[in-house]
$ cat my_file_30.csv   # CSV, C-alpha atoms
chain,number,residue,atom,x,y,z
A,21,MET,CA,-19.9,-4.3,63.3
A,22,ASN,CA,-22.3,-7.2,63.9
A,23,HIS,CA,-24.8,-6.4,61.2
A,24,VAL,CA,-25.7,-8.5,58.2
A,25,VAL,CA,-25.8,-6.5,54.9
A,26,ARG,CA,-28.1,-8.0,52.3
A,27,ALA,CA,-30.6,-7.1,49.6
A,28,VAL,CA,-34.2,-6.5,50.6
A,29,ARG,CA,-36.8,-9.2,49.9
A,30,ALA,CA,-40.1,-8.3,48.1
A,31,GLU,CA,-42.2,-9.3,51.1
A,32,GLU,CA,-40.3,-6.9,53.4
A,33,TRP,CA,-42.2,-3.9,52.0
A,34,PRO,CA,-43.5,-2.8,55.5
A,35,GLN,CA,-39.8,-2.6,56.7
A,36,VAL,CA,-38.9,-0.7,53.5
A,37,ARG,CA,-41.7,1.8,54.3
A,38,GLU,CA,-40.8,2.1,58.0
A,39,LEU,CA,-37.1,2.8,57.3
A,40,ARG,CA,-37.8,5.3,54.5
A,41,LEU,CA,-40.2,7.2,56.8
A,42,ALA,CA,-37.7,7.2,59.6
A,43,ALA,CA,-35.1,8.6,57.1
A,44,LEU,CA,-37.5,11.4,56.1
A,45,ARG,CA,-38.0,12.3,59.7
A,46,ASP,CA,-34.3,12.6,60.4
A,47,PRO,CA,-33.1,16.2,61.1
A,48,ALA,CA,-30.8,15.9,58.0
A,49,ALA,CA,-33.6,14.9,55.7
A,50,PRO,CA,-34.1,18.4,54.1
A,51,VAL,CA,-30.6,18.2,52.7
A,52,ALA,CA,-30.4,14.5,52.2
A,53,PHE,CA,-33.5,13.6,50.4
A,54,LEU,CA,-35.6,15.1,47.6
A,55,GLU,CA,-38.8,13.7,49.1
A,56,ALA,CA,-40.8,15.0,52.0
A,57,TYR,CA,-42.1,12.9,54.8
A,58,GLU,CA,-45.7,14.1,54.3
A,59,ASP,CA,-45.6,12.9,50.7
A,60,ALA,CA,-44.2,9.5,51.5
A,61,ALA,CA,-46.4,8.9,54.5
A,62,VAL,CA,-49.6,9.0,52.4
A,63,LYS,CA,-48.4,6.6,49.7
A,64,PRO,CA,-50.6,3.4,49.5
A,65,ASP,CA,-49.3,0.0,50.4
A,66,SER,CA,-49.2,-0.9,46.7
A,67,TYR,CA,-46.5,1.7,46.2
A,68,TRP,CA,-44.3,0.2,48.9
A,69,ARG,CA,-44.9,-3.3,47.7
A,70,GLU,CA,-43.8,-2.3,44.2
A,71,ARG,CA,-40.8,-0.4,45.5
A,72,ALA,CA,-39.6,-3.4,47.6
A,73,ALA,CA,-40.2,-5.9,44.7
A,74,GLY,CA,-38.4,-3.7,42.2
A,75,ALA,CA,-35.3,-3.4,44.5
A,76,SER,CA,-35.1,-7.0,45.6
A,77,GLY,CA,-34.0,-8.7,42.4
A,78,GLY,CA,-33.0,-8.3,38.8
A,79,SER,CA,-30.3,-6.0,37.4
A,80,ARG,CA,-32.1,-2.6,37.3
A,81,ALA,CA,-32.2,-1.7,41.0
A,82,ARG,CA,-31.1,-3.2,44.3
A,83,GLN,CA,-31.7,-2.0,47.9
A,84,PHE,CA,-29.3,-3.1,50.5
A,85,VAL,CA,-30.0,-3.1,54.2
A,86,ALA,CA,-27.9,-3.5,57.3
A,87,GLU,CA,-29.8,-5.7,59.8
A,88,ASP,CA,-28.7,-6.0,63.4
A,89,PRO,CA,-28.7,-9.3,65.4
A,90,HIS,CA,-32.3,-8.4,66.6
A,91,GLY,CA,-33.6,-8.0,63.1
A,92,VAL,CA,-33.7,-4.2,63.2
A,93,TRP,CA,-32.7,-2.4,60.0
A,94,ALA,CA,-29.9,0.0,60.9
A,95,GLY,CA,-29.6,1.5,57.5
A,96,SER,CA,-30.0,1.3,53.8
A,97,VAL,CA,-28.7,2.3,50.4
A,98,THR,CA,-30.4,1.8,47.0
A,99,VAL,CA,-28.5,1.3,43.7
A,100,LEU,CA,-30.2,2.3,40.4
A,101,ILE,CA,-28.7,1.3,37.1
A,102,GLU,CA,-28.7,4.1,34.6
A,103,GLU,CA,-28.3,3.4,30.9
A,104,ALA,CA,-26.5,5.6,28.4
A,105,GLY,CA,-28.7,7.9,26.4
A,106,HIS,CA,-31.5,8.1,28.9
A,107,ASP,CA,-32.5,11.2,30.9
A,108,ASP,CA,-31.4,11.5,34.5
A,109,ALA,CA,-33.3,12.8,37.5
A,110,PHE,CA,-32.0,16.3,37.0
A,111,GLY,CA,-32.8,16.7,33.3
A,112,GLY,CA,-29.5,15.8,31.9
A,113,VAL,CA,-28.6,12.9,29.6
A,114,ILE,CA,-26.7,9.9,30.9
A,115,GLU,CA,-23.5,9.5,29.0
A,116,ARG,CA,-22.5,5.9,29.9
A,117,ARG,CA,-23.9,2.9,31.8
A,118,GLN,CA,-23.5,3.6,35.5
A,119,ALA,CA,-24.9,2.9,38.9
A,120,HIS,CA,-26.5,5.7,40.9
A,121,LEU,CA,-26.6,5.4,44.7
A,122,VAL,CA,-29.7,7.0,46.3
A,123,GLY,CA,-31.6,6.9,49.6
A,124,VAL,CA,-28.6,6.6,51.8
A,125,PHE,CA,-29.6,6.4,55.4
A,126,VAL,CA,-28.3,5.0,58.7
A,127,ARG,CA,-30.2,5.4,61.9
A,128,PRO,CA,-28.5,7.9,64.3
A,129,GLU,CA,-27.7,5.2,66.9
A,130,HIS,CA,-25.8,3.2,64.3
A,131,ARG,CA,-23.8,6.0,62.8
A,132,GLY,CA,-20.0,5.7,63.3
A,133,SER,CA,-20.3,1.9,63.7
A,134,GLY,CA,-19.2,0.8,60.3
A,135,VAL,CA,-22.7,0.3,58.9
A,136,THR,CA,-22.4,2.9,56.2
A,137,ASP,CA,-19.1,1.5,55.0
A,138,ALA,CA,-20.6,-2.0,54.9
A,139,LEU,CA,-23.6,-0.8,53.0
A,140,PHE,CA,-21.5,1.1,50.4
A,141,GLU,CA,-19.1,-1.9,50.0
A,142,ALA,CA,-22.1,-4.1,49.2
A,143,ALA,CA,-23.7,-1.6,46.9
A,144,VAL,CA,-20.5,-0.8,44.9
A,145,ALA,CA,-19.6,-4.5,44.7
A,146,TRP,CA,-23.0,-5.3,43.2
A,147,ALA,CA,-22.6,-2.4,40.7
A,148,TRP,CA,-19.2,-3.7,39.6
A,149,SER,CA,-20.7,-7.2,39.2
A,150,LEU,CA,-22.9,-6.0,36.4
A,151,GLU,CA,-21.6,-6.0,32.9
A,152,GLY,CA,-20.7,-2.6,31.4
A,153,VAL,CA,-21.2,-0.5,34.6
A,154,GLU,CA,-18.3,2.0,34.2
A,155,ARG,CA,-18.8,4.2,37.3
A,156,VAL,CA,-20.9,4.7,40.4
A,157,ARG,CA,-22.3,8.1,41.1
A,158,LEU,CA,-24.4,9.9,43.7
A,159,TYR,CA,-25.5,13.5,44.4
A,160,VAL,CA,-24.9,15.3,47.7
A,161,HIS,CA,-26.4,18.6,48.8
A,162,GLU,CA,-23.9,21.4,49.2
A,163,ASP,CA,-25.1,21.8,52.8
A,164,ASN,CA,-24.5,18.2,53.9
A,165,PRO,CA,-20.8,18.2,54.9
A,166,ARG,CA,-21.0,15.0,56.9
A,167,ALA,CA,-22.2,13.0,53.9
A,168,GLN,CA,-19.6,14.7,51.7
A,169,ALA,CA,-16.8,13.7,54.1
A,170,PHE,CA,-17.9,10.1,54.2
A,171,TYR,CA,-18.2,9.9,50.4
A,172,ARG,CA,-14.7,11.4,49.9
A,173,ARG,CA,-13.3,9.0,52.5
A,174,PHE,CA,-14.9,6.1,50.6
A,175,GLY,CA,-13.2,7.2,47.4
A,176,PHE,CA,-15.8,9.3,45.6
A,177,VAL,CA,-14.6,12.5,43.9
A,178,ARG,CA,-16.5,15.5,42.6
A,179,SER,CA,-17.0,15.2,38.9
A,180,GLY,CA,-17.7,18.9,38.3
A,181,GLY,CA,-21.4,18.1,37.7
A,182,VAL,CA,-23.8,20.4,39.7
A,183,ALA,CA,-27.5,20.3,39.6
A,184,PRO,CA,-30.1,22.7,41.2
A,185,VAL,CA,-32.1,21.2,44.0
A,186,PRO,CA,-35.7,20.6,42.7
A,187,GLY,CA,-38.0,23.1,44.4
A,188,ASP,CA,-35.0,25.3,45.5
A,189,PRO,CA,-33.0,26.5,42.5
A,190,SER,CA,-30.7,28.5,44.8
A,191,ALA,CA,-29.3,25.3,46.4
A,192,ARG,CA,-27.0,22.8,44.6
A,193,GLU,CA,-26.4,19.1,44.5
A,194,TYR,CA,-22.8,18.0,43.7
A,195,GLU,CA,-22.2,14.9,41.6
A,196,LEU,CA,-19.6,12.6,43.1
A,197,VAL,CA,-18.3,9.6,41.2
A,198,LEU,CA,-16.3,6.5,41.8
A,199,GLU,CA,-14.7,5.1,38.6
A,200,ARG,CA,-14.5,1.4,38.0
A,201,PRO,CA,-11.1,0.1,39.2
A,202,GLN,CA,-8.8,-0.9,36.3
A,203,ARG,CA,-8.0,-4.5,36.3
A,204,SER,CA,-4.4,-5.3,36.7
A,205,PHE,CA,-2.9,-8.3,34.9
A,206,PRO,CA,0.1,-10.2,36.0
A,207,GLU,CA,3.2,-9.5,33.9
A,208,ALA,CA,4.0,-12.1,31.3
A,209,GLY,CA,7.2,-13.9,32.1
A,210,GLY,CA,8.5,-17.1,32.3
$ encode --input "my_file_30.csv" --output "structure tokens"
Amino acid sequence: MNHVVRAVRAEEWPQVRELRLAALRDPAAPVAFLEAYEDAAVKPDSYWRERAAGASGGSRARQFVAEDPHGVWAGSVTVLIEEAGHDDAFGGVIERRQAHLVGVFVRPEHRGSGVTDALFEAAVAWAWSLEGVERVRLYVHEDNPRAQAFYRRFGFVRSGGVAPVPGDPSAREYELVLERPQRSFPEAGG
């Protein structure tokens, strides 16, 4: 893979917008995202500026992109930090400080090239760099087997959590989690 994976910069809001709209036009979008293209396409520039700024620094959110040698963004993933005691997107209560991966997208021509692995490695490494983050989670639609297979291969496991899909209560989203690796300490000896 000859892509550079990095955090977005606030001034890159036009690229953030373009990539998100491309994701929402993807054939898998109905089972991959909770937002419709038509809704995102009419959001004002101020929304996209705010979104890029909020995901470019600080410790609450970070959006990572994979940029090819020509400057084209091949894909993206966003990490949101969730605090214990707050409500989550599906109406539950967050039990512990954790990272939540959202907005996973890789352009079709870059799939299978290692871009998704590189994005996830950067996103998870950033989550583990934050104090008190105990696990990383994500939700995946029951009808998205390709994404489910990648997440399992990366090490995510089903937690048993299931949420109805907003707007379609007959469909389900499965929660998958990746627990923080336990630190190993060298044996005392001498």
$ closest_residue --input "my_file_30.csv" --among "A:Ala42, A:Ala56, A:Ala81, A:Ala86" --to "A:Val24" --atoms "all atoms listed in the file"
A:Ala86
$ residues_around --input "my_file_30.csv" --residues "stretch 175-185 of chain A" --least-positions-apart "2" --cutoff "10 Å" --atoms "all atoms listed in the file" --output "ChimeraX atom specification"
/A:51,54,109-112,156-162,168-173,187-199
$ residues_around --input "my_file_30.csv" --residues "stretch 128-145 of chain A" --least-positions-apart "6" --cutoff "9 Å" --atoms "all atoms listed in the file" --output "list in words"
Met21, His23, Val24, Val25, Arg26, Asp46, Arg82, Gln83, Phe84, Val85, Ala86, Ala94, Gly95, Ser96, Val97, Thr98, Val99, Ala119, Leu121, Val156, Phe170, Phe174 and Leu198 of chain A
$ atom_distance --input "my_file_30.csv" --atom1 "atom CA of A:Ala167" --atom2 "atom CA of A:Val28"
23.1 Å
$ atom_distance --input "my_file_30.csv" --atom1 "atom CA of A:Glu154" --atom2 "atom CA of A:Arg200"
5.4 Å
$ atom_distance --input "my_file_30.csv" --atom1 "atom CA of A:Val92" --atom2 "atom CA of A:Ala73"
19.7 Å
$ closest_residue --input "my_file_30.csv" --among "A:Leu41, A:Ala147, A:Ile101, A:Ile114" --to "A:Asp59" --atoms "all atoms listed in the file"
A:Leu41
$ closest_residue --input "my_file_30.csv" --among "A:Arg127, A:Asn164, A:Asp88, A:His120" --to "A:Glu38" --atoms "all atoms listed in the file"
A:Arg127
$ decode --input "my_file_30.csv" --residues "stretch 97-152 of chain A" --atoms "C-alpha atoms" --output "short mmCIF file (atom, residue, chain, number, x, y, z; two decimals), in the first residue's frame"
data_model
loop_
_atom_site.label_atom_id
_atom_site.label_comp_id
_atom_site.auth_asym_id
_atom_site.auth_seq_id
_atom_site.Cartn_x
_atom_site.Cartn_y
_atom_site.Cartn_z
CA VAL A 97 -12.76 6.23 9.38
CA THR A 98 -13.83 8.48 12.25
CA VAL A 99 -13.25 7.78 15.94
CA LEU A 100 -15.64 9.26 18.50
CA ILE A 101 -14.79 9.09 22.19
CA GLU A 102 -17.76 8.14 24.34
CA GLU A 103 -17.83 8.84 28.07
CA ALA A 104 -19.34 6.55 30.71
CA GLY A 105 -22.80 7.63 31.81
CA HIS A 106 -23.74 9.44 28.61
CA ASP A 107 -26.42 8.29 26.17
CA ASP A 108 -25.32 6.55 23.01
CA ALA A 109 -26.70 6.94 19.48
CA PHE A 110 -29.15 4.05 19.93
CA GLY A 111 -30.69 5.25 23.20
CA GLY A 112 -28.60 3.17 25.59
CA VAL A 113 -26.27 4.36 28.31
CA ILE A 114 -22.52 4.10 27.81
CA GLU A 115 -21.05 1.93 30.56
CA ARG A 116 -17.37 2.85 30.25
CA ARG A 117 -15.05 5.23 28.43
CA GLN A 118 -14.63 3.86 24.93
CA ALA A 119 -13.96 4.72 21.32
CA HIS A 120 -16.66 4.31 18.69
CA LEU A 121 -15.63 3.86 15.04
CA VAL A 122 -18.07 5.35 12.54
CA GLY A 123 -18.18 6.42 8.91
CA VAL A 124 -15.98 3.60 7.63
CA PHE A 125 -15.58 3.93 3.86
CA VAL A 126 -13.02 2.93 1.24
CA ARG A 127 -13.57 3.77 -2.41
CA PRO A 128 -14.27 0.62 -4.45
CA GLU A 129 -11.07 0.91 -6.51
CA HIS A 130 -8.98 0.84 -3.30
CA ARG A 131 -10.73 -2.06 -1.57
CA GLY A 132 -8.56 -5.10 -0.97
CA SER A 133 -5.38 -2.99 -1.13
CA GLY A 134 -4.70 -2.75 2.60
CA VAL A 135 -6.26 0.71 2.97
CA THR A 136 -8.95 -0.46 5.40
CA ASP A 137 -6.38 -2.24 7.57
CA ALA A 138 -4.18 0.86 7.65
CA LEU A 139 -7.12 3.11 8.56
CA PHE A 140 -8.18 0.79 11.37
CA GLU A 141 -4.63 0.47 12.68
CA ALA A 142 -4.37 4.28 12.91
CA ALA A 143 -7.83 4.69 14.44
CA VAL A 144 -7.34 1.99 17.08
CA ALA A 145 -3.80 3.19 17.91
CA TRP A 146 -5.16 6.71 18.47
CA ALA A 147 -7.94 5.35 20.71
CA TRP A 148 -5.43 3.37 22.80
CA SER A 149 -3.26 6.50 23.13
CA LEU A 150 -6.03 8.20 25.13
CA GLU A 151 -6.16 7.71 28.87
CA GLY A 152 -8.96 5.50 30.14
#
